[in-house]
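Trainee: Enclosed is the structure file input11.tsv (TSV, C-alpha atoms).
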```
chain	number	residue	atom	x	y	z
A	1	MET	CA	-99.64	67.17	31.87
A	2	ASP	CA	-97.74	70.40	32.40
A	3	THR	CA	-99.45	73.74	31.91
A	4	PRO	CA	-98.84	75.59	28.64
A	5	GLU	CA	-96.51	77.96	30.50
A	6	GLN	CA	-94.39	75.10	31.82
A	7	SER	CA	-94.23	73.51	28.37
A	8	LYS	CA	-93.27	76.79	26.77
A	9	LYS	CA	-90.40	77.22	29.21
A	10	LEU	CA	-89.21	73.68	28.50
A	11	ALA	CA	-89.40	74.23	24.75
A	12	ASP	CA	-87.62	77.58	24.95
A	13	ASP	CA	-84.89	76.25	27.24
A	14	ARG	CA	-84.16	73.27	25.02
A	15	GLY	CA	-84.87	74.83	21.66
A	16	TYR	CA	-87.67	72.43	20.78
A	17	ALA	CA	-89.45	73.28	17.53
A	18	PHE	CA	-92.34	70.85	17.89
A	19	THR	CA	-95.75	71.45	19.42
A	20	ILE	CA	-96.25	70.53	23.06
A	21	LEU	CA	-99.86	70.18	24.14
A	22	SER	CA	-101.11	70.54	27.67
A	23	ASP	CA	-103.51	67.93	29.09
A	24	ALA	CA	-103.67	69.27	32.63
A	25	GLU	CA	-106.90	67.43	33.43
A	26	ARG	CA	-105.57	64.15	31.93
A	27	ARG	CA	-108.66	64.19	29.69
A	28	VAL	CA	-107.01	62.95	26.52
A	29	ILE	CA	-104.70	60.69	28.51
A	30	ARG	CA	-107.82	58.97	29.86
A	31	GLU	CA	-109.48	58.82	26.44
A	32	TYR	CA	-106.43	57.03	25.09
A	33	ASP	CA	-106.42	54.74	28.18
A	34	LEU	CA	-102.90	55.81	29.14
A	35	LEU	CA	-103.55	56.95	32.70
A	36	HIS	CA	-100.98	55.82	35.25
A	37	THR	CA	-102.73	56.46	38.56
A	38	SER	CA	-100.49	57.72	41.36
A	39	GLY	CA	-97.43	57.21	39.21
A	40	GLY	CA	-96.17	60.73	39.59
A	41	PRO	CA	-94.76	63.03	42.26
A	42	GLY	CA	-96.88	63.12	45.41
A	43	GLY	CA	-99.15	60.40	44.02
A	44	ALA	CA	-100.24	62.51	41.05
A	45	ASP	CA	-101.78	60.76	38.07
A	46	ILE	CA	-99.53	60.83	35.04
A	47	ALA	CA	-99.41	59.17	31.63
A	48	ARG	CA	-97.68	55.91	30.82
A	49	PRO	CA	-95.33	56.57	27.91
A	50	ALA	CA	-96.81	55.81	24.48
A	51	GLU	CA	-96.36	56.88	20.88
A	52	PHE	CA	-98.89	56.82	18.05
A	53	LEU	CA	-98.01	57.42	14.43
A	54	LEU	CA	-100.94	58.71	12.37
A	55	ASP	CA	-101.11	58.92	8.62
A	56	ALA	CA	-102.39	61.92	6.69
A	57	ASP	CA	-106.00	60.75	7.18
A	58	GLY	CA	-105.73	60.54	10.96
A	59	VAL	CA	-105.62	56.73	10.99
A	60	ILE	CA	-103.25	55.10	13.47
A	61	ARG	CA	-100.55	53.17	11.64
A	62	TRP	CA	-98.12	52.37	14.49
A	63	VAL	CA	-98.48	52.16	18.26
A	64	ASN	CA	-95.68	51.83	20.77
A	65	LEU	CA	-96.68	51.03	24.35
A	66	THR	CA	-93.39	50.72	26.21
A	67	GLU	CA	-92.92	47.75	28.54
A	68	SER	CA	-90.64	49.76	30.76
A	69	TYR	CA	-90.73	53.49	31.04
A	70	ARG	CA	-86.96	53.61	31.02
A	71	ILE	CA	-86.86	52.33	27.47
A	72	ARG	CA	-88.16	54.73	24.86
A	73	PRO	CA	-87.96	54.71	21.09
A	74	LYS	CA	-85.12	56.68	19.60
A	75	PRO	CA	-85.75	59.14	16.77
A	76	GLU	CA	-84.06	56.73	14.33
A	77	ASP	CA	-86.55	54.01	15.31
A	78	ILE	CA	-89.50	56.23	14.52
A	79	LEU	CA	-87.99	57.49	11.28
A	80	ALA	CA	-87.48	53.88	10.24
A	81	VAL	CA	-91.17	53.18	10.89
A	82	ILE	CA	-92.18	56.23	8.86
A	83	ASP	CA	-90.04	54.99	5.98
A	84	ARG	CA	-91.31	51.44	6.25
A	85	LEU	CA	-94.95	52.54	6.27
A	86	GLN	CA	-94.22	55.12	3.58
A	87	LEU	CA	-95.99	57.80	5.52
A	88	GLY	CA	-93.81	60.58	4.19
A	89	SER	CA	-95.16	63.18	1.80
A	90	PRO	CA	-96.49	61.42	-1.30
A	91	LEU	CA	-94.40	61.90	-4.42
A	92	PRO	CA	-96.17	63.46	-7.40
A	93	PRO	CA	-97.35	60.82	-9.87
A	94	PRO	CA	-94.86	60.13	-12.67
A	95	ASN	CA	-95.81	61.72	-15.99
B	1	MET	CA	-47.76	47.32	65.33
B	2	LYS	CA	-49.57	50.01	63.47
B	3	ARG	CA	-52.33	48.69	61.23
B	4	SER	CA	-52.76	50.03	57.71
B	5	TRP	CA	-55.80	51.88	56.54
B	6	ASN	CA	-57.98	49.49	54.55
B	7	TRP	CA	-58.61	51.76	51.58
B	8	HIS	CA	-60.30	49.04	49.48
B	9	ILE	CA	-63.35	49.21	51.72
B	10	TYR	CA	-63.87	52.94	51.38
B	11	ALA	CA	-62.97	53.06	47.70
B	12	GLY	CA	-65.36	50.19	47.08
B	13	PHE	CA	-68.20	51.93	48.87
B	14	GLY	CA	-67.44	55.16	47.04
B	15	VAL	CA	-67.66	53.35	43.71
B	16	VAL	CA	-70.99	51.79	44.72
B	17	VAL	CA	-72.46	55.17	45.65
B	18	PHE	CA	-71.14	56.61	42.39
B	19	ALA	CA	-72.62	53.68	40.47
B	20	PHE	CA	-76.05	54.43	41.90
B	21	VAL	CA	-76.05	58.21	41.68
B	22	SER	CA	-74.39	58.47	38.27
B	23	TYR	CA	-77.15	56.48	36.61
B	24	PHE	CA	-79.83	58.97	37.57
B	25	LEU	CA	-77.69	62.07	37.15
B	26	PHE	CA	-75.88	61.17	33.96
B	27	PHE	CA	-76.06	57.78	32.28
B	28	SER	CA	-79.84	57.66	32.09
B	29	GLN	CA	-79.66	60.51	29.55
B	30	PHE	CA	-78.21	58.24	26.88
B	31	PRO	CA	-80.22	55.29	25.51
B	32	LEU	CA	-76.99	53.29	25.16
B	33	THR	CA	-76.48	53.26	28.91
B	34	ARG	CA	-80.08	53.72	30.00
B	35	ASP	CA	-82.06	50.91	28.40
B	36	VAL	CA	-79.91	48.23	29.99
B	37	PRO	CA	-77.81	49.85	32.74
B	38	TRP	CA	-74.80	47.66	31.94
B	39	LEU	CA	-72.25	50.37	32.73
B	40	ASN	CA	-73.65	51.03	36.17
B	41	LEU	CA	-73.94	47.31	36.87
B	42	LEU	CA	-70.24	47.01	36.01
B	43	LEU	CA	-69.47	49.84	38.42
B	44	PHE	CA	-71.47	48.05	41.12
B	45	ALA	CA	-69.46	44.91	40.47
B	46	LEU	CA	-66.22	46.87	40.74
B	47	GLY	CA	-67.30	48.51	43.98
B	48	LEU	CA	-68.44	45.25	45.53
B	49	GLY	CA	-65.23	43.59	44.39
B	50	LEU	CA	-63.14	46.21	46.17
B	51	LEU	CA	-65.32	45.88	49.26
B	52	GLY	CA	-64.82	42.12	49.15
B	53	ILE	CA	-61.05	42.43	49.01
B	54	GLY	CA	-61.03	44.98	51.81
B	55	SER	CA	-63.40	43.01	54.03
B	56	ARG	CA	-61.40	39.84	53.61
B	57	ARG	CA	-58.19	41.62	54.50
B	58	GLY	CA	-59.79	43.20	57.53
B	59	TRP	CA	-60.57	39.77	58.85
B	60	SER	CA	-57.84	37.41	57.69
B	61	GLN	CA	-55.04	39.94	58.12
B	62	ARG	CA	-56.40	41.85	61.05
B	63	GLU	CA	-52.95	42.37	62.49
B	64	HIS	CA	-52.06	44.37	59.41
B	65	TYR	CA	-55.34	45.98	58.33
B	66	ARG	CA	-58.18	47.80	59.98
B	67	GLY	CA	-61.78	47.73	58.84
B	68	ARG	CA	-63.07	44.60	60.52
B	69	ILE	CA	-66.37	46.31	61.27
B	70	ALA	CA	-66.46	48.82	58.45
B	71	GLY	CA	-65.91	46.15	55.80
B	72	PRO	CA	-68.97	43.98	56.41
B	73	THR	CA	-71.11	47.01	57.32
B	74	LEU	CA	-70.39	48.90	54.13
B	75	THR	CA	-70.69	45.72	52.11
B	76	ALA	CA	-74.15	45.09	53.51
B	77	LEU	CA	-75.11	48.70	52.82
B	78	SER	CA	-73.82	48.41	49.28
B	79	ALA	CA	-75.82	45.25	48.71
B	80	LEU	CA	-78.90	47.23	49.79
B	81	VAL	CA	-78.09	50.02	47.36
B	82	LEU	CA	-77.60	47.49	44.57
B	83	GLY	CA	-80.90	45.88	45.52
B	84	PHE	CA	-82.72	49.22	45.18
B	85	PHE	CA	-81.06	49.81	41.85
B	86	LEU	CA	-82.02	46.41	40.47
B	87	PHE	CA	-85.56	46.78	41.73
B	88	TYR	CA	-85.90	50.16	40.05
B	89	SER	CA	-84.26	49.12	36.79
B	90	PHE	CA	-85.94	45.82	36.21
B	91	SER	CA	-89.13	45.77	38.20
B	92	PHE	CA	-90.47	49.13	39.22
B	93	SER	CA	-90.05	50.82	35.86
B	94	ALA	CA	-91.94	47.97	34.20
B	95	GLN	CA	-94.95	48.37	36.49
B	96	LEU	CA	-97.14	50.19	34.01
B	97	PRO	CA	-100.89	50.00	33.52
B	98	GLU	CA	-101.96	47.62	30.76
B	99	SER	CA	-103.71	50.25	28.67
B	100	ARG	CA	-105.74	47.65	26.85
B	101	GLY	CA	-108.21	50.33	25.83
B	102	ALA	CA	-105.60	52.35	23.97
B	103	PRO	CA	-106.42	53.01	20.31
B	104	LYS	CA	-105.01	50.39	17.99
B	105	VAL	CA	-103.46	50.28	14.54
B	106	GLY	CA	-106.10	50.74	11.87
B	107	GLU	CA	-108.40	52.80	14.09
B	108	ALA	CA	-108.95	56.50	13.69
B	109	ALA	CA	-107.12	58.38	16.42
B	110	PRO	CA	-109.69	59.82	18.85
B	111	ASP	CA	-110.05	63.51	18.13
B	112	PHE	CA	-109.29	66.12	20.76
B	113	THR	CA	-108.52	69.80	21.26
B	114	LEU	CA	-105.78	70.86	23.66
B	115	PRO	CA	-103.82	74.09	24.16
B	116	ASP	CA	-100.25	74.27	22.86
B	117	GLN	CA	-97.39	75.96	24.69
B	118	GLN	CA	-98.65	79.40	23.55
B	119	GLY	CA	-102.09	78.56	24.93
B	120	LYS	CA	-103.53	78.29	21.41
B	121	PRO	CA	-106.02	75.41	20.96
B	122	VAL	CA	-104.87	72.61	18.63
B	123	LYS	CA	-107.42	70.19	17.20
B	124	LEU	CA	-106.03	66.84	16.10
B	125	SER	CA	-108.38	66.39	13.13
B	126	GLU	CA	-107.24	69.75	11.72
B	127	LEU	CA	-103.71	68.36	11.38
B	128	ARG	CA	-104.78	65.94	8.66
B	129	GLY	CA	-102.98	66.08	5.34
B	130	GLN	CA	-99.64	65.09	6.87
B	131	PRO	CA	-98.42	62.30	9.17
B	132	VAL	CA	-98.63	63.10	12.88
B	133	LEU	CA	-96.56	61.62	15.68
B	134	LEU	CA	-98.39	61.72	19.01
B	135	VAL	CA	-96.04	61.31	21.95
B	136	PHE	CA	-97.43	60.85	25.45
B	137	TYR	CA	-94.56	61.37	27.84
B	138	ARG	CA	-94.30	60.24	31.41
B	139	GLY	CA	-93.47	63.56	32.93
B	140	TYR	CA	-91.72	62.07	35.95
B	141	TRP	CA	-88.76	59.92	36.86
```
What would you get if you wrote out this structure as C-alpha coordinates?
Mentor:
Amino acid sequence: MDTPEQSKKLADDRGYAFTILSDAERRVIREYDLLHTSGGPGGADIARPAEFLLDADGVIRWVNLTESYRIRPKPEDILAVIDRLQLGSPLPPPN
Amino acid sequence: MKRSWNWHIYAGFGVVVFAFVSYFLFFSQFPLTRDVPWLNLLLFALGLGLLGIGSRRGWSQREHYRGRIAGPTLTALSALVLGFFLFYSFSFSAQLPESRGAPKVGEAAPDFTLPDQQGKPVKLSELRGQPVLLVFYRGYW
(Lines of atoms letter the chains of each structure in order from A and count residues from 1; the text may use other names and numbers.)
(Lines give C-alpha, C1' and ligand atoms only; values in the text may rest on other atoms or scores of the structure.)
Protein backbone atom coordinates (compact mmCIF):
# COMPACT_ATOMS: atom_id res chain seq x y z
CA MET A 1 0.00 0.00 0.00
CA ASP A 2 2.96 2.30 0.48
CA THR A 3 4.50 4.10 -2.47
CA PRO A 4 7.70 2.66 -3.97
CA GLU A 5 9.66 5.45 -2.27
CA GLN A 6 8.26 4.57 1.15
CA SER A 7 8.98 0.89 0.61
CA LYS A 8 12.50 1.62 -0.53
CA LYS A 9 13.17 3.62 2.62
CA LEU A 10 11.80 0.80 4.76
CA ALA A 11 13.91 -1.78 2.95
CA ASP A 12 17.05 0.36 3.16
CA ASP A 13 16.54 1.17 6.84
CA ARG A 14 16.03 -2.47 7.80
CA GLY A 15 18.35 -4.08 5.30
CA TYR A 16 15.62 -6.10 3.60
CA ALA A 17 16.81 -8.01 0.54
CA PHE A 18 13.40 -9.07 -0.75
CA THR A 19 11.17 -7.30 -3.24
CA ILE A 20 8.48 -5.00 -1.90
CA LEU A 21 5.72 -4.16 -4.35
CA SER A 22 3.53 -1.11 -4.18
CA ASP A 23 -0.25 -1.48 -4.58
CA ALA A 24 -1.19 2.12 -3.91
CA GLU A 25 -4.61 1.80 -5.55
CA ARG A 26 -5.33 -1.49 -3.69
CA ARG A 27 -5.91 -3.03 -7.13
CA VAL A 28 -4.27 -6.38 -6.47
CA ILE A 29 -5.50 -6.36 -2.88
CA ARG A 30 -9.04 -6.19 -4.26
CA GLU A 31 -8.37 -8.86 -6.89
CA TYR A 32 -7.23 -11.21 -4.14
CA ASP A 33 -10.28 -10.21 -2.03
CA LEU A 34 -8.09 -9.00 0.82
CA LEU A 35 -9.44 -5.48 1.19
CA HIS A 36 -10.03 -4.33 4.75
CA THR A 37 -12.20 -1.24 4.31
CA SER A 38 -11.50 1.59 6.73
CA GLY A 39 -9.09 -0.58 8.66
CA GLY A 40 -6.22 1.83 8.43
CA PRO A 41 -5.22 5.27 9.70
CA GLY A 42 -7.88 7.91 9.10
CA GLY A 43 -10.26 5.26 7.78
CA ALA A 44 -7.99 4.32 4.89
CA ASP A 45 -8.55 0.99 3.17
CA ILE A 46 -5.76 -1.47 3.86
CA ALA A 47 -5.13 -5.17 3.32
CA ARG A 48 -5.96 -7.92 5.77
CA PRO A 49 -2.78 -9.93 6.35
CA ALA A 50 -2.42 -13.00 4.11
CA GLU A 51 0.31 -15.17 2.69
CA PHE A 52 0.27 -17.28 -0.48
CA LEU A 53 2.95 -19.78 -1.37
CA LEU A 54 3.21 -20.42 -5.11
CA ASP A 55 5.11 -23.21 -6.77
CA ALA A 56 7.37 -22.79 -9.78
CA ASP A 57 4.35 -22.92 -12.12
CA GLY A 58 2.50 -20.12 -10.37
CA VAL A 59 -0.02 -22.46 -8.73
CA ILE A 60 -1.03 -21.67 -5.16
CA ARG A 61 0.07 -24.46 -2.83
CA TRP A 62 -0.54 -22.87 0.60
CA VAL A 63 -2.73 -20.03 1.82
CA ASN A 64 -2.65 -18.43 5.24
CA LEU A 65 -5.50 -16.07 6.10
CA THR A 66 -4.82 -15.00 9.67
CA GLU A 67 -7.70 -15.05 12.15
CA SER A 68 -6.18 -12.20 14.09
CA TYR A 69 -3.86 -9.66 12.61
CA ARG A 70 -1.69 -9.82 15.69
CA ILE A 71 -0.75 -13.39 14.93
CA ARG A 72 1.44 -13.87 11.89
CA PRO A 73 3.39 -16.84 10.62
CA LYS A 74 7.02 -16.95 11.62
CA PRO A 75 9.73 -17.59 9.03
CA GLU A 76 10.24 -21.10 10.47
CA ASP A 77 6.55 -21.88 9.87
CA ILE A 78 6.81 -20.95 6.22
CA LEU A 79 10.08 -22.78 5.73
CA ALA A 80 8.45 -25.87 7.22
CA VAL A 81 5.62 -25.58 4.68
CA ILE A 82 8.12 -25.21 1.83
CA ASP A 83 9.89 -28.36 3.01
CA ARG A 84 6.66 -30.28 3.49
CA LEU A 85 5.39 -29.37 0.03
CA GLN A 86 8.84 -29.91 -1.43
CA LEU A 87 8.72 -26.63 -3.25
CA GLY A 88 12.44 -26.07 -3.07
CA SER A 89 14.62 -26.25 -6.15
CA PRO A 90 14.24 -29.68 -7.72
CA LEU A 91 17.25 -31.95 -7.37
CA PRO A 92 18.79 -33.21 -10.61
CA PRO A 93 17.57 -36.71 -11.47
CA PRO A 94 19.87 -39.46 -10.19
CA ASN A 95 22.05 -41.02 -12.89
CA MET B 1 -1.18 10.83 63.92
CA LYS B 2 0.54 11.15 60.62
CA ARG B 3 -0.76 8.74 58.01
CA SER B 4 1.63 6.85 55.77
CA TRP B 5 1.78 7.26 52.05
CA ASN B 6 -0.05 4.35 50.44
CA TRP B 7 2.59 3.47 47.86
CA HIS B 8 0.86 0.24 46.75
CA ILE B 9 -1.81 2.27 45.00
CA TYR B 10 0.57 4.35 42.94
CA ALA B 11 2.97 1.49 42.24
CA GLY B 12 0.03 -0.64 41.16
CA PHE B 13 -1.26 2.01 38.78
CA GLY B 14 2.24 2.54 37.42
CA VAL B 15 2.54 -1.18 36.69
CA VAL B 16 -0.85 -1.16 34.94
CA VAL B 17 0.15 1.75 32.71
CA PHE B 18 3.46 0.02 31.98
CA ALA B 19 1.62 -3.22 31.20
CA PHE B 20 -0.48 -1.44 28.59
CA VAL B 21 2.17 0.73 26.98
CA SER B 22 4.95 -1.86 26.95
CA TYR B 23 2.90 -4.24 24.82
CA PHE B 24 2.62 -1.79 21.96
CA LEU B 25 6.09 -0.31 22.33
CA PHE B 26 8.06 -3.46 22.97
CA PHE B 27 6.52 -6.88 23.56
CA SER B 28 4.44 -6.88 20.38
CA GLN B 29 7.70 -7.11 18.42
CA PHE B 30 8.29 -10.69 19.52
CA PRO B 31 5.88 -13.48 18.51
CA LEU B 32 6.49 -15.18 21.87
CA THR B 33 4.91 -12.29 23.74
CA ARG B 34 2.69 -10.95 20.98
CA ASP B 35 0.50 -13.83 19.85
CA VAL B 36 -0.91 -14.37 23.33
CA PRO B 37 0.00 -11.34 25.47
CA TRP B 38 0.58 -13.50 28.56
CA LEU B 39 3.42 -11.34 29.89
CA ASN B 40 1.39 -8.16 29.77
CA LEU B 41 -1.62 -9.91 31.29
CA LEU B 42 0.65 -10.98 34.16
CA LEU B 43 1.78 -7.38 34.58
CA PHE B 44 -1.85 -6.27 34.66
CA ALA B 45 -2.53 -8.85 37.36
CA LEU B 46 0.45 -7.60 39.37
CA GLY B 47 -0.64 -3.99 39.05
CA LEU B 48 -4.23 -4.74 40.01
CA GLY B 49 -3.01 -6.84 42.91
CA LEU B 50 -0.98 -3.94 44.27
CA LEU B 51 -3.93 -1.62 43.77
CA GLY B 52 -6.12 -4.06 45.66
CA ILE B 53 -3.76 -4.19 48.62
CA GLY B 54 -3.42 -0.43 48.68
CA SER B 55 -7.15 0.22 48.34
CA ARG B 56 -7.97 -2.19 51.12
CA ARG B 57 -5.43 -0.57 53.42
CA GLY B 58 -6.75 2.87 52.61
CA TRP B 59 -10.13 1.81 53.85
CA SER B 60 -9.64 -0.71 56.63
CA GLN B 61 -6.61 1.04 58.09
CA ARG B 62 -7.52 4.58 57.31
CA GLU B 63 -5.98 5.84 60.52
CA HIS B 64 -2.62 4.62 59.28
CA TYR B 65 -2.82 4.96 55.49
CA ARG B 66 -3.98 7.55 53.03
CA GLY B 67 -5.45 6.81 49.62
CA ARG B 68 -9.10 6.26 50.46
CA ILE B 69 -10.13 8.10 47.31
CA ALA B 70 -7.11 7.47 45.14
CA GLY B 71 -7.30 3.70 45.67
CA PRO B 72 -10.74 3.01 44.23
CA THR B 73 -10.34 5.73 41.58
CA LEU B 74 -7.10 4.37 40.19
CA THR B 75 -8.40 0.82 40.45
CA ALA B 76 -11.43 1.73 38.36
CA LEU B 77 -9.19 3.49 35.85
CA SER B 78 -6.93 0.47 35.69
CA ALA B 79 -9.88 -1.82 35.08
CA LEU B 80 -10.78 0.43 32.14
CA VAL B 81 -7.26 0.21 30.75
CA LEU B 82 -7.31 -3.57 31.11
CA GLY B 83 -10.69 -3.64 29.38
CA PHE B 84 -9.28 -1.72 26.39
CA PHE B 85 -6.32 -4.05 26.26
CA LEU B 86 -8.46 -7.19 26.31
CA PHE B 87 -10.78 -5.77 23.70
CA TYR B 88 -7.87 -4.97 21.41
CA SER B 89 -6.06 -8.25 21.95
CA PHE B 90 -8.92 -10.66 21.66
CA SER B 91 -11.70 -8.95 19.79
CA PHE B 92 -10.69 -5.99 17.71
CA SER B 93 -7.66 -7.59 16.09
CA ALA B 94 -9.79 -10.55 15.04
CA GLN B 95 -12.32 -8.34 13.25
CA LEU B 96 -11.08 -9.02 9.75
CA PRO B 97 -13.04 -9.30 6.51
CA GLU B 98 -13.88 -12.87 5.53
CA SER B 99 -12.04 -12.77 2.22
CA ARG B 100 -14.01 -15.69 0.89
CA GLY B 101 -13.07 -14.69 -2.64
CA ALA B 102 -9.36 -15.04 -2.00
CA PRO B 103 -7.56 -17.44 -4.34
CA LYS B 104 -7.40 -20.97 -3.00
CA VAL B 105 -4.92 -23.82 -2.98
CA GLY B 106 -4.75 -25.46 -6.38
CA GLU B 107 -5.73 -22.31 -8.28
CA ALA B 108 -3.34 -20.30 -10.38
CA ALA B 109 -2.42 -17.10 -8.58
CA PRO B 110 -4.07 -14.16 -10.37
CA ASP B 111 -1.43 -12.42 -12.43
CA PHE B 112 -0.56 -8.78 -11.84
CA THR B 113 2.10 -6.15 -12.50
CA LEU B 114 3.14 -3.77 -9.73
CA PRO B 115 6.15 -1.49 -9.21
CA ASP B 116 8.88 -2.60 -6.81
CA GLN B 117 10.69 -0.29 -4.41
CA GLN B 118 12.87 1.03 -7.28
CA GLY B 119 9.72 1.79 -9.28
CA LYS B 120 10.48 -1.05 -11.71
CA PRO B 121 7.39 -3.05 -12.79
CA VAL B 122 7.30 -6.67 -11.59
CA LYS B 123 4.97 -9.15 -13.29
CA LEU B 124 4.03 -12.17 -11.20
CA SER B 125 3.90 -14.63 -14.11
CA GLU B 126 7.47 -13.71 -15.05
CA LEU B 127 8.65 -15.05 -11.68
CA ARG B 128 7.78 -18.62 -12.64
CA GLY B 129 10.50 -21.23 -12.46
CA GLN B 130 10.93 -20.84 -8.71
CA PRO B 131 8.60 -20.84 -5.69
CA VAL B 132 7.19 -17.44 -4.77
CA LEU B 133 5.95 -16.29 -1.38
CA LEU B 134 3.37 -13.51 -1.67
CA VAL B 135 2.94 -11.61 1.58
CA PHE B 136 0.14 -9.08 1.94
CA TYR B 137 0.90 -7.05 5.03
CA ARG B 138 -1.48 -4.98 7.06
CA GLY B 139 0.46 -1.77 6.99
CA TYR B 140 -1.07 -0.44 10.20
CA TRP B 141 -1.32 -1.24 13.88
Trainee: Up to 9 Å from chain B, what residues of chain A turn up? Count all atoms listed in the file and give them as an MDAnalysis selection string.
Mentor: chainID A and resid 1:9 11 19:23 28:29 31:37 39:41 46:63 65:74 78 82 87:89
Trainee: Keeping C-alpha atoms, export the residues of the selection given above as a JSON list (two decimals), in the coordinates of the input.
Mentor:
```
[["chain", "number", "residue", "atom", "x", "y", "z"],
["A", 1, "MET", "CA", -99.64, 67.17, 31.87],
["A", 2, "ASP", "CA", -97.74, 70.40, 32.40],
["A", 3, "THR", "CA", -99.45, 73.74, 31.91],
["A", 4, "PRO", "CA", -98.84, 75.59, 28.64],
["A", 5, "GLU", "CA", -96.51, 77.96, 30.50],
["A", 6, "GLN", "CA", -94.39, 75.10, 31.82],
["A", 7, "SER", "CA", -94.23, 73.51, 28.37],
["A", 8, "LYS", "CA", -93.27, 76.79, 26.77],
["A", 9, "LYS", "CA", -90.40, 77.22, 29.21],
["A", 11, "ALA", "CA", -89.40, 74.23, 24.75],
["A", 19, "THR", "CA", -95.75, 71.45, 19.42],
["A", 20, "ILE", "CA", -96.25, 70.53, 23.06],
["A", 21, "LEU", "CA", -99.86, 70.18, 24.14],
["A", 22, "SER", "CA", -101.11, 70.54, 27.67],
["A", 23, "ASP", "CA", -103.51, 67.93, 29.09],
["A", 28, "VAL", "CA", -107.01, 62.95, 26.52],
["A", 29, "ILE", "CA", -104.70, 60.69, 28.51],
["A", 31, "GLU", "CA", -109.48, 58.82, 26.44],
["A", 32, "TYR", "CA", -106.43, 57.03, 25.09],
["A", 33, "ASP", "CA", -106.42, 54.74, 28.18],
["A", 34, "LEU", "CA", -102.90, 55.81, 29.14],
["A", 35, "LEU", "CA", -103.55, 56.95, 32.70],
["A", 36, "HIS", "CA", -100.98, 55.82, 35.25],
["A", 37, "THR", "CA", -102.73, 56.46, 38.56],
["A", 39, "GLY", "CA", -97.43, 57.21, 39.21],
["A", 40, "GLY", "CA", -96.17, 60.73, 39.59],
["A", 41, "PRO", "CA", -94.76, 63.03, 42.26],
["A", 46, "ILE", "CA", -99.53, 60.83, 35.04],
["A", 47, "ALA", "CA", -99.41, 59.17, 31.63],
["A", 48, "ARG", "CA", -97.68, 55.91, 30.82],
["A", 49, "PRO", "CA", -95.33, 56.57, 27.91],
["A", 50, "ALA", "CA", -96.81, 55.81, 24.48],
["A", 51, "GLU", "CA", -96.36, 56.88, 20.88],
["A", 52, "PHE", "CA", -98.89, 56.82, 18.05],
["A", 53, "LEU", "CA", -98.01, 57.42, 14.43],
["A", 54, "LEU", "CA", -100.94, 58.71, 12.37],
["A", 55, "ASP", "CA", -101.11, 58.92, 8.62],
["A", 56, "ALA", "CA", -102.39, 61.92, 6.69],
["A", 57, "ASP", "CA", -106.00, 60.75, 7.18],
["A", 58, "GLY", "CA", -105.73, 60.54, 10.96],
["A", 59, "VAL", "CA", -105.62, 56.73, 10.99],
["A", 60, "ILE", "CA", -103.25, 55.10, 13.47],
["A", 61, "ARG", "CA", -100.55, 53.17, 11.64],
["A", 62, "TRP", "CA", -98.12, 52.37, 14.49],
["A", 63, "VAL", "CA", -98.48, 52.16, 18.26],
["A", 65, "LEU", "CA", -96.68, 51.03, 24.35],
["A", 66, "THR", "CA", -93.39, 50.72, 26.21],
["A", 67, "GLU", "CA", -92.92, 47.75, 28.54],
["A", 68, "SER", "CA", -90.64, 49.76, 30.76],
["A", 69, "TYR", "CA", -90.73, 53.49, 31.04],
["A", 70, "ARG", "CA", -86.96, 53.61, 31.02],
["A", 71, "ILE", "CA", -86.86, 52.33, 27.47],
["A", 72, "ARG", "CA", -88.16, 54.73, 24.86],
["A", 73, "PRO", "CA", -87.96, 54.71, 21.09],
["A", 74, "LYS", "CA", -85.12, 56.68, 19.60],
["A", 78, "ILE", "CA", -89.50, 56.23, 14.52],
["A", 82, "ILE", "CA", -92.18, 56.23, 8.86],
["A", 87, "LEU", "CA", -95.99, 57.80, 5.52],
["A", 88, "GLY", "CA", -93.81, 60.58, 4.19],
["A", 89, "SER", "CA", -95.16, 63.18, 1.80]]
```
Trainee: Hey, can you check how far CA of Trp7 in chain B sits from CA of Gly54 in chain B?
Mentor: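 Here the two named atoms are 7.2 Å from each other.
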Trainee: What lies within 10 Å of Gly14 in chain B using all atoms listed in the file, ignoring chain neighbours under 6 positions off, as a list of chain:residue names?
Mentor: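 Everything that qualifies: B:His8, B:Gly47, B:Leu50, B:Leu51, B:Leu74, B:Ser78.
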Trainee: Taking 6 positions as the minimum chain separation for residues in the same chain, which residues sit within 10 Å of Arg57 in chain B when counting only C-alpha atoms? Answer as a PyMOL selection string.
Mentor: chain B and resi 6+8-9+51+63-68+71
Trainee: Select, from B:Tyr23, B:Leu77, B:Ala70, B:Gly83, the residue with the minimum atom-to-atom distance to Gly58 in chain B, counting all atoms listed in the file.
Mentor: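 Closest to Gly58 in chain B of all the choices is B:Ala70.
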Trainee: Which residues are near Leu80 in chain B? Cut-off 12 Å, only C-alpha atoms, ignore same chain within fewer than 2 positions. Put them as number ranges by chain.
Mentor: B: 13, 16-17, 20, 44, 48, 73-78, 82-87
Trainee: CA of Ser38 in chain A to CA of Leu10 in chain A: how many Å, to one decimal?
Mentor: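 Computing it gives 23.4 Å between the two atoms.
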Trainee: Give me, please, the distance in Å between CA of Ala24 in chain A and CA of Phe30 in chain B, quoted to one decimal.
Mentor: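 Separating CA of Ala24 in chain A from CA of Phe30 in chain B is a distance of 28.3 Å.
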Trainee: Pick the closest to Arg30 in chain A from A:Phe18, A:Asp83, A:Asn64, A:Asp45: which is it, counting all atoms listed in the file?
Mentor: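 The shortest atom-to-atom distance to Arg30 in chain A comes from A:Asp45.
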